[in-house]
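Inspection log for the structure reproduced underneath, given as structure tokens.
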There are 2 protein chains.
Amino acid sequence: MTAAILSIGTELTRGEIVNTNASWLCEQLTALGFEVTECTTVADDKVEINATLERLERTHGVIVCTGGLGPTTDDITSACVAELLNVTLMRDDAGLLELRERFTRAGRTFYESNIKQFDFPQGATILPNTEGTAPGFQIRIGSAHSYFMPGVPSEMKPMFERSVVPTLANLTRPGQHQIRFKTFSMPEAAVNELLAGVEERFGITIGYRAHFPEIEVKVLAKAAQQAEAERLARLGADEVRRRLGNILFGEGDITLAQSVGNTLRAKGLKLALAESCTGGLIGHLLCQQPSSDFFLGGVVCYANSIKQAVLGVDPALLQAKGAVSTEVAAQMAIGARQALAADVALAVTGIAGPTGGTPEKPVGLVHYAVATALGVTTHHTQFPRSRDQIRLHAAYSALWLLRRTLLASQK
Amino acid sequence: MTAAILSIGTELTRGEIVNTNASWLCEQLTALGFEVTECTTVADDKVEINATLERLERTHGVIVCTGGLGPTTDDITSACVAELLNVTLMRDDAGLLELRERFTRAGRTFYESNIKQFDFPQGATILPNTEGTAPGFQIRIGSAHSYFMPGVPSEMKPMFERSVVPTLANLTRPGQHQIRFKTFSMPEAAVNELLAGVEERFGITIGYRAHFPEIEVKVLAKAAQQAEAERLARLGADEVRRRLGNILFGEGDITLAQSVGNTLRAKGLKLALAESCTGGLIGHLLCQQPSSDFFLGGVVCYANSIKQAVLGVDPALLQAKGAVSTEVAAQMAIGARQALAADVALAVTGIAGPTGGTPEKPVGLVHYAVATALGVTTHHTQFPRSRDQIRLHAAYSALWLLRRTLLASQK
């Protein structure tokens with residue numbers, strides 16, 4: 001069955017934000033067995049919205065639409081659909097009451113402009129919004145099963161997964177299975193070469209997605225029966241896993257920080273950080289999931305005075321070798337391990353730019369150290385990109401050194 | 001004049017890559033004074049491509065198309081356009097010879113599949129590709145000025161800037177101006193109410209964009225002349241600025257962290273952090289731009305042992321009040337200010353969830369404190385959302401308290 005995606009919002013047609021919803025929905029719908037033949041973006045404009053819905057309805061079995069459901073005057077999607085279908089808007093009093101109560105419980109002011117988010121075209125099925133205020137809805141437009149969701153990705157994605165996927169599953173028979181692998185430390189072209197010939201040999205499709213700084217590898221198998229697709233995907237995935245070897249850090253949605261956290265947890269080790277150029281980013285990545293059972297905390301030692309006062313880095317060494325050096329990284333890790341009474345400590349110091357490098361220590365140079373009861377392991381990278389990319393790559397490289405150190409040790 | 005963007009490629013409709021070309025082109029065309037009313041993505045499929053071009057030609061003065069110009073068999077854009085216009089494909093022998101010579105000079109193998117990249121619909125003007133092998137072309141489809149470029153962003157962008165912009169500039173007179181405001185601390189619906197009636201009174205359009213946890217407000221004015229549009233936008237913006245008052249923290253692309261950094265820099269103050277539930281996120285936000293002139297560093301005190309050992313929080317107080325309390329937040333800020341020898345310190349402690357709350361201290365409760373030479377200011381929020389949202393909202397709320405404290409003080 002063919003599907004179309006319609007993204008509504010003048011912020012999109014003016015290029016103020018990148019449309020990540022459309023690509024996410026394309027991926028989801030493709031994985032569910034739909035053929036997405038068109039994605040269209042239009043402004044918050046009634047004529048454009050309705051002309052597009054009318055056109056898409058004639059050629060697609062499913063339309064998935066995002067945007068224009070919020071409380072402000074430029075949010076007009078529900079009114080457009082009602083006009084297109086020649087029905088009135090009906091207020092969902094129960095949903096509105098529930099939102100009022102949610103606001104009251106949280107001690108938040110309820111603004112009257114929130115009310116219009118509970119006006120839906122007559123005949124619509126409401127899709128609850130667990131993350132925000134604007135519910136979505138589902139309705140038939142001609143022969144097309146049509147779904148309308150908010151444009152905010154953190155609200156749209158759970159709504160799609162909880163309320164849309166179950167109804168879509170009735171419209172298509174899968175007969176396909178996908179297994180996803182997460183890798184780091186090797187460029188996409190090199191990962192591609194590692195897996196040469198696997199597609200032909202196992203009758204599967206391998207896709208690559210560079211989600212900086214990770215490379216995701218997707219194994220997709222199709223067959224007449226779902227069970228056969230799953231069997232083929234598993235056979236191919238076994239070979240992919242074997243060939244990826246130690247650049248593979250996990251499967252599915254796991255992050256590198258989660259994977260390292262799992263290893264620390266399994267070993268019963270407590271971690272401390274000493275972050276200079278990453279400024280807290282590694283701590284942030286570790287705390288995206290509950291982490292108090294392995295993460296003690298850290299020192300963000302952006303200034304050299306902190307490196308000395310809190311971590312005990314030797315001022316003479318700082319002077320002689322500079323803050324961005326193997327020796328200072330090592331002392332930072334040793335100092336953090338001691339000051340925070342940790343089993344293992346990870347330290348990062350580097351030149352994130354955009355200015356400030358020298359010929360000997362250019363922008364993009366970052367030193368790493370891991371201190372354990374057994375001693376210190378160091379590493380460095382030279383990655384001359386933008387400040388954002390240097391810092392994110394440094395956070396990943398630091399976690400990667402920690403991972404390698406943990407996996408190499410017996411305890 | 002209206003413009004449409006057409007992106008061609010099955011890798012897009014399958015969601016394997018995010019379409020960053022479309023948003024980039026939307027931004028460029030908007031800045032040139034075009035109104036982009038539609039962006040459409042279709043697969044590498046002749047019927048879809050030609051039906052879409054035919055439709056877009058009827059309603060748009062300009063069509064900008066990317067993708068499908070490469071050497072492989074699924075690159076069919078030139079052939080589609082030739083068929084649509086009922087003309088033959090003509091080979092650009094001179095361009096082909098030049099590419100062969102370029103390959104010879106670089107010692108690269110010239111594959112015969114490269115030849116088809118030099119076949120263009122009769123009547124097309126060729127757009128040179130300085131970064132890759134596939135040139136683009138320009139041609140009239142009906143009344144629409146139509147441009148075809150490669151899908152690789154690093155090839156498309158310079159081609160657009162060098163060869164497309166000069167010809168587009170003849171087609172449009174701008175006549176529009178936009179001014180953007182960044183706000184925090186009030187929900188979208190409330191911001192909308194603050195600005196009630198401004199659109200009608202000033203003849204402007206106000207758009208809202210929730211980029212969690214910020215709300216962006218955009219003032220757009222249109223007029224026959226550019227100077228008049230700018231005048232109208234400025235008049236409207238003055239009123240918007242006045243009404244937004246102290247929820248406004250900046251204009252254009254500035255972030256809250258940058259805005260707070262600018263204030264610290266202007267006052268010559270050095271900042272230290274004490275982060276518990278945010279785990280380093282505030283430091284990360286401050287370090288996204290160079291910040292060593294106002295940011296010393298911080299302590300990520302995820303574990304209570306760190307709060308005591310490094311920040312000197314009283315164990316009896318921790319026991320009596322709990323880690324998530326006004327009193328502990330205050331001691332964390334005072335301790336960080338002292339331990340890191342800072343002028344001002346910002347502390348955060350809260351319950352990010354998803355589990356671990358109690359009826360008295362539910363998930364989402366976060367306490368903040370700012371310590372300066374004059375004393376301590378505290379604040380707390382209760383924001384029961386997902387872990388990611390609680391942590392990001394807490395980082396913003398902490399920076400917001402710091403901002404208010406700095407703006408209220410004389411020094």
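Chain lettering (A, B, ...) mirrors the order of the structure tokens, residue numbering begins at 1 for each chain separately, and ligand numbering begins at 1 in order of display.
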Select all residues from chain B having any atom no more than 6 Å from an atom of chain A (counting only C-alpha atoms, ignoring ligands), output as a PyMOL selection string. chain B and resi 13-15+18+23-24+26-27+30+36-42+189+279-281+283-284+287+296-303
Residues from last step as file, C-alpha atoms, as a short mmCIF file (atom, residue, chain, number, x, y, z; two decimals), in the first residue's frame:
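Output saved as again-v4.cif:
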data_model
loop_
_atom_site.label_atom_id
_atom_site.label_comp_id
_atom_site.auth_asym_id
_atom_site.auth_seq_id
_atom_site.Cartn_x
_atom_site.Cartn_y
_atom_site.Cartn_z
CA THR B 13 11.25 8.39 0.50
CA ARG B 14 12.59 5.36 2.39
CA GLY B 15 13.81 7.67 5.16
CA VAL B 18 17.21 13.44 6.18
CA SER B 23 15.37 23.21 4.14
CA TRP B 24 18.58 24.86 2.91
CA CYS B 26 13.81 27.04 1.41
CA GLU B 27 15.98 29.34 3.49
CA THR B 30 13.00 32.94 1.19
CA VAL B 36 8.18 28.82 -1.13
CA THR B 37 4.73 27.30 -1.10
CA GLU B 38 5.59 23.64 -1.52
CA CYS B 39 8.45 21.16 -1.11
CA THR B 40 7.87 17.71 -2.47
CA THR B 41 9.95 14.54 -2.34
CA VAL B 42 9.40 11.66 -4.75
CA ALA B 189 -0.34 29.80 24.36
CA GLY B 279 24.74 15.84 34.90
CA GLY B 280 26.88 18.33 32.95
CA LEU B 281 24.25 19.61 30.52
CA GLY B 283 28.29 23.18 31.21
CA HIS B 284 27.80 21.63 27.78
CA CYS B 287 30.68 25.53 26.09
CA LEU B 296 35.68 28.44 35.07
CA GLY B 297 34.11 24.98 35.26
CA GLY B 298 31.94 23.00 37.60
CA VAL B 299 31.31 19.97 39.72
CA VAL B 300 28.95 17.28 38.50
CA CYS B 301 27.85 15.98 41.91
CA TYR B 302 25.56 13.16 40.89
CA ALA B 303 26.38 11.20 44.07
#
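Between chain A and chain B, which have the same sequence, the C-alpha root-mean-square deviation after superposition works out to 5.1 Å.
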List the spatial neighbours of Leu402 (chain A) as a list in words - criterion: any atom at most 8 Å away, only C-alpha atoms, same-chain residues fewer than 5 positions off excluded. Val260, Leu346 and Val370 of chain A
As an mmCIF file with C-alpha atoms, in the first residue's frame, please: the residues near Ile254 (chain B) (cut-off 12 Å, only C-alpha atoms, same-chain neighbours under 5 positions excluded).
data_model
loop_
_atom_site.group_PDB
_atom_site.id
_atom_site.type_symbol
_atom_site.label_atom_id
_atom_site.label_comp_id
_atom_site.auth_asym_id
_atom_site.auth_seq_id
_atom_site.Cartn_x
_atom_site.Cartn_y
_atom_site.Cartn_z
ATOM 1 C CA ARG B 180 12.975 36.815 15.200
ATOM 2 C CA PHE B 181 12.705 36.838 19.003
ATOM 3 C CA LYS B 182 13.719 34.125 21.498
ATOM 4 C CA THR B 183 11.686 33.680 24.711
ATOM 5 C CA GLU B 214 12.251 27.915 24.002
ATOM 6 C CA GLU B 216 10.527 31.628 19.119
ATOM 7 C CA LEU B 248 12.536 37.922 25.847
ATOM 8 C CA PHE B 249 16.186 36.928 26.082
ATOM 9 C CA SER B 259 22.781 35.408 26.287
ATOM 10 C CA VAL B 260 23.725 34.585 29.904
ATOM 11 C CA GLY B 261 27.372 34.273 28.842
ATOM 12 C CA ASN B 262 27.234 37.741 27.290
ATOM 13 C CA GLN B 288 28.927 25.273 22.736
ATOM 14 C CA GLN B 289 30.599 28.616 22.074
#
What's around region 197-204 of chain B at 7 Å? Count only C-alpha atoms, leave out sequence neighbours fewer than 2 positions away in its own chain, and write the answer as a list in words.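 Contacts, with the query itself left out: Leu195, Ile206, Val219, Leu220, Ala221, Ala233 and Gly236 of chain B.
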Name all residues at most 9 Å from Ala134 (chain B) (count only C-alpha atoms; drop same-chain ones fewer than 4 positions away) and give them as a CSV table (one decimal) with N, CA, C and O atoms, in the first residue's frame.
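Generated file (part.csv):
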chain,number,residue,atom,x,y,z
B,69,LEU,N,20.8,13.1,-11.0
B,69,LEU,CA,21.6,13.5,-12.2
B,69,LEU,C,22.9,12.7,-12.3
B,69,LEU,O,23.8,12.9,-13.1
B,70,GLY,N,23.1,11.7,-11.4
B,70,GLY,CA,24.4,11.0,-11.3
B,70,GLY,C,24.6,9.9,-12.4
B,70,GLY,O,23.8,9.8,-13.3
B,71,PRO,N,25.6,9.1,-12.2
B,71,PRO,CA,26.0,8.1,-13.3
B,71,PRO,C,25.2,6.8,-13.3
B,71,PRO,O,25.3,6.0,-14.2
B,114,ASN,N,30.0,7.4,-16.5
B,114,ASN,CA,30.0,8.9,-16.4
B,114,ASN,C,29.4,9.6,-17.6
B,114,ASN,O,29.0,10.8,-17.4
B,117,GLN,N,25.9,11.5,-17.7
B,117,GLN,CA,25.8,12.8,-17.0
B,117,GLN,C,25.9,14.0,-17.9
B,117,GLN,O,25.6,15.1,-17.5
B,118,PHE,N,26.3,13.8,-19.2
B,118,PHE,CA,26.5,14.9,-20.1
B,118,PHE,C,25.4,14.9,-21.2
B,118,PHE,O,25.5,15.6,-22.2
B,128,PRO,N,27.6,24.4,-14.4
B,128,PRO,CA,28.8,23.6,-14.2
B,128,PRO,C,28.8,23.1,-12.7
B,128,PRO,O,28.3,23.8,-11.8
B,129,ASN,N,29.4,21.9,-12.6
B,129,ASN,CA,29.6,21.3,-11.2
B,129,ASN,C,31.1,21.4,-10.9
B,129,ASN,O,31.9,20.7,-11.5
B,149,MET,N,19.7,20.2,-10.2
B,149,MET,CA,21.0,20.1,-9.6
B,149,MET,C,21.2,18.8,-8.9
B,149,MET,O,20.3,18.1,-8.6
B,150,PRO,N,22.5,18.4,-8.7
B,150,PRO,CA,22.8,17.1,-8.0
B,150,PRO,C,22.2,17.1,-6.6
B,150,PRO,O,22.1,18.1,-6.0
B,155,GLU,N,27.9,19.4,-3.5
B,155,GLU,CA,27.9,19.8,-5.0
B,155,GLU,C,26.8,20.8,-5.3
B,155,GLU,O,27.0,21.8,-6.0
Please run DSSP on the backbone and report, as a PyMOL selection string, all residues within region 54-212 of chain B that come out as helix (DSSP H, G or I). chain B and resi 54-59+77-85+93-106+112-118+153-168+188-194+198-202
For the residues in the current selection, export C-alpha atoms as a compact mmCIF listing (two decimals), in the first residue's frame.
# COMPACT_ATOMS: atom_id res chain seq x y z
CA GLU B 54 3.76 19.10 -14.56
CA ARG B 55 1.70 19.98 -11.50
CA LEU B 56 4.29 22.33 -9.98
CA GLU B 57 4.79 24.14 -13.31
CA ARG B 58 1.15 25.20 -13.38
CA THR B 59 1.28 26.99 -10.01
CA THR B 77 15.99 13.16 -14.03
CA SER B 78 17.40 14.41 -17.38
CA ALA B 79 15.57 11.70 -19.32
CA CYS B 80 12.33 12.53 -17.48
CA VAL B 81 12.54 16.22 -18.33
CA ALA B 82 13.32 15.47 -22.00
CA GLU B 83 10.27 13.22 -22.19
CA LEU B 84 8.05 15.75 -20.41
CA LEU B 85 9.08 18.51 -22.84
CA ASP B 93 30.78 16.79 -25.86
CA ALA B 94 32.93 19.68 -24.65
CA GLY B 95 31.95 19.13 -21.01
CA LEU B 96 32.51 15.40 -21.31
CA LEU B 97 35.99 15.92 -22.80
CA GLU B 98 36.85 18.28 -19.97
CA LEU B 99 35.81 15.69 -17.36
CA ARG B 100 37.87 12.98 -19.11
CA GLU B 101 40.88 15.28 -18.95
CA ARG B 102 40.22 16.11 -15.29
CA PHE B 103 40.24 12.36 -14.51
CA THR B 104 43.44 11.79 -16.51
CA ARG B 105 45.23 14.64 -14.70
CA ALA B 106 44.16 13.21 -11.32
CA GLU B 112 31.84 4.83 -19.10
CA SER B 113 28.83 5.28 -16.83
CA ASN B 114 29.97 8.89 -16.35
CA ILE B 115 29.04 9.69 -19.96
CA LYS B 116 25.27 9.86 -19.39
CA GLN B 117 25.78 12.79 -17.00
CA PHE B 118 26.49 14.91 -20.09
CA PRO B 153 24.76 18.87 -0.72
CA SER B 154 28.45 19.70 -1.15
CA GLU B 155 27.94 19.84 -4.96
CA MET B 156 24.48 21.39 -4.95
CA LYS B 157 25.16 24.36 -2.67
CA PRO B 158 28.06 25.92 -4.63
CA MET B 159 26.17 25.30 -7.90
CA PHE B 160 23.14 27.11 -6.50
CA GLU B 161 25.18 30.03 -5.23
CA ARG B 162 27.32 30.45 -8.37
CA SER B 163 24.93 29.63 -11.19
CA VAL B 164 21.33 29.76 -9.95
CA VAL B 165 21.26 32.81 -7.65
CA PRO B 166 22.41 35.25 -10.39
CA THR B 167 19.55 34.24 -12.69
CA LEU B 168 16.95 34.15 -9.86
CA GLU B 188 3.33 29.16 23.64
CA ALA B 189 -0.34 29.80 24.36
CA ALA B 190 0.50 32.51 26.88
CA VAL B 191 2.99 34.18 24.55
CA ASN B 192 0.28 34.19 21.91
CA GLU B 193 -2.09 35.96 24.32
CA LEU B 194 0.54 38.58 25.21
CA VAL B 198 -0.56 43.15 17.25
CA GLU B 199 -0.92 41.53 13.81
CA GLU B 200 -4.04 43.52 12.93
CA ARG B 201 -2.75 46.79 14.35
CA PHE B 202 0.61 46.72 12.56
Enumerate, as a ChimeraX atom specification, the complete set of residues in region 126-265 of chain B that a backbone-based DSSP assignment places in strand (DSSP E or B). /B:126-127,136-141,144-149,176-183,205-211,214-222,248-251
In Å to one decimal, how far is CA of Ala336 (chain B) from CA of Ala394 (chain B)?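 So the two atoms, CA of Ala394 (chain B) and CA of Ala336 (chain B), lie 18.3 Å apart.
Between Gly175 (chain A) and the residues A:Gly33, A:Gly356, A:Pro187, A:Gly375, the shortest atom-to-atom distance, using only C-alpha atoms, involves A:Gly33.
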Please identify all polymer residues within 6 Å of Phe148 (chain B), counting only C-alpha atoms, omitting same-chain residues fewer than 6 positions from it, and present them as a tab-separated table (two decimals) with N, CA and C atoms, in the first residue's frame.
chain	number	residue	atom	x	y	z
B	65	CYS	N	15.00	21.80	-8.36
B	65	CYS	CA	14.95	20.35	-8.23
B	65	CYS	C	16.34	19.81	-7.93
B	66	THR	N	16.44	18.83	-7.02
B	66	THR	CA	17.74	18.21	-6.74
B	66	THR	C	17.62	16.69	-6.85
B	136	GLY	N	24.55	20.41	-13.57
B	136	GLY	CA	23.11	20.63	-13.51
B	136	GLY	C	22.64	21.30	-14.78
B	137	PHE	N	21.35	21.64	-14.85
B	137	PHE	CA	20.86	22.40	-16.00
B	137	PHE	C	19.63	23.21	-15.62
Separation of CA of Leu256 (chain B) from CA of Leu399 (chain B) in Å: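 Separation between CA of Leu399 (chain B) and CA of Leu256 (chain B): 7.4 Å.
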Between CA of Arg234 (chain A) and CA of Leu32 (chain A), what is the spacing in Å? 17.9 Å
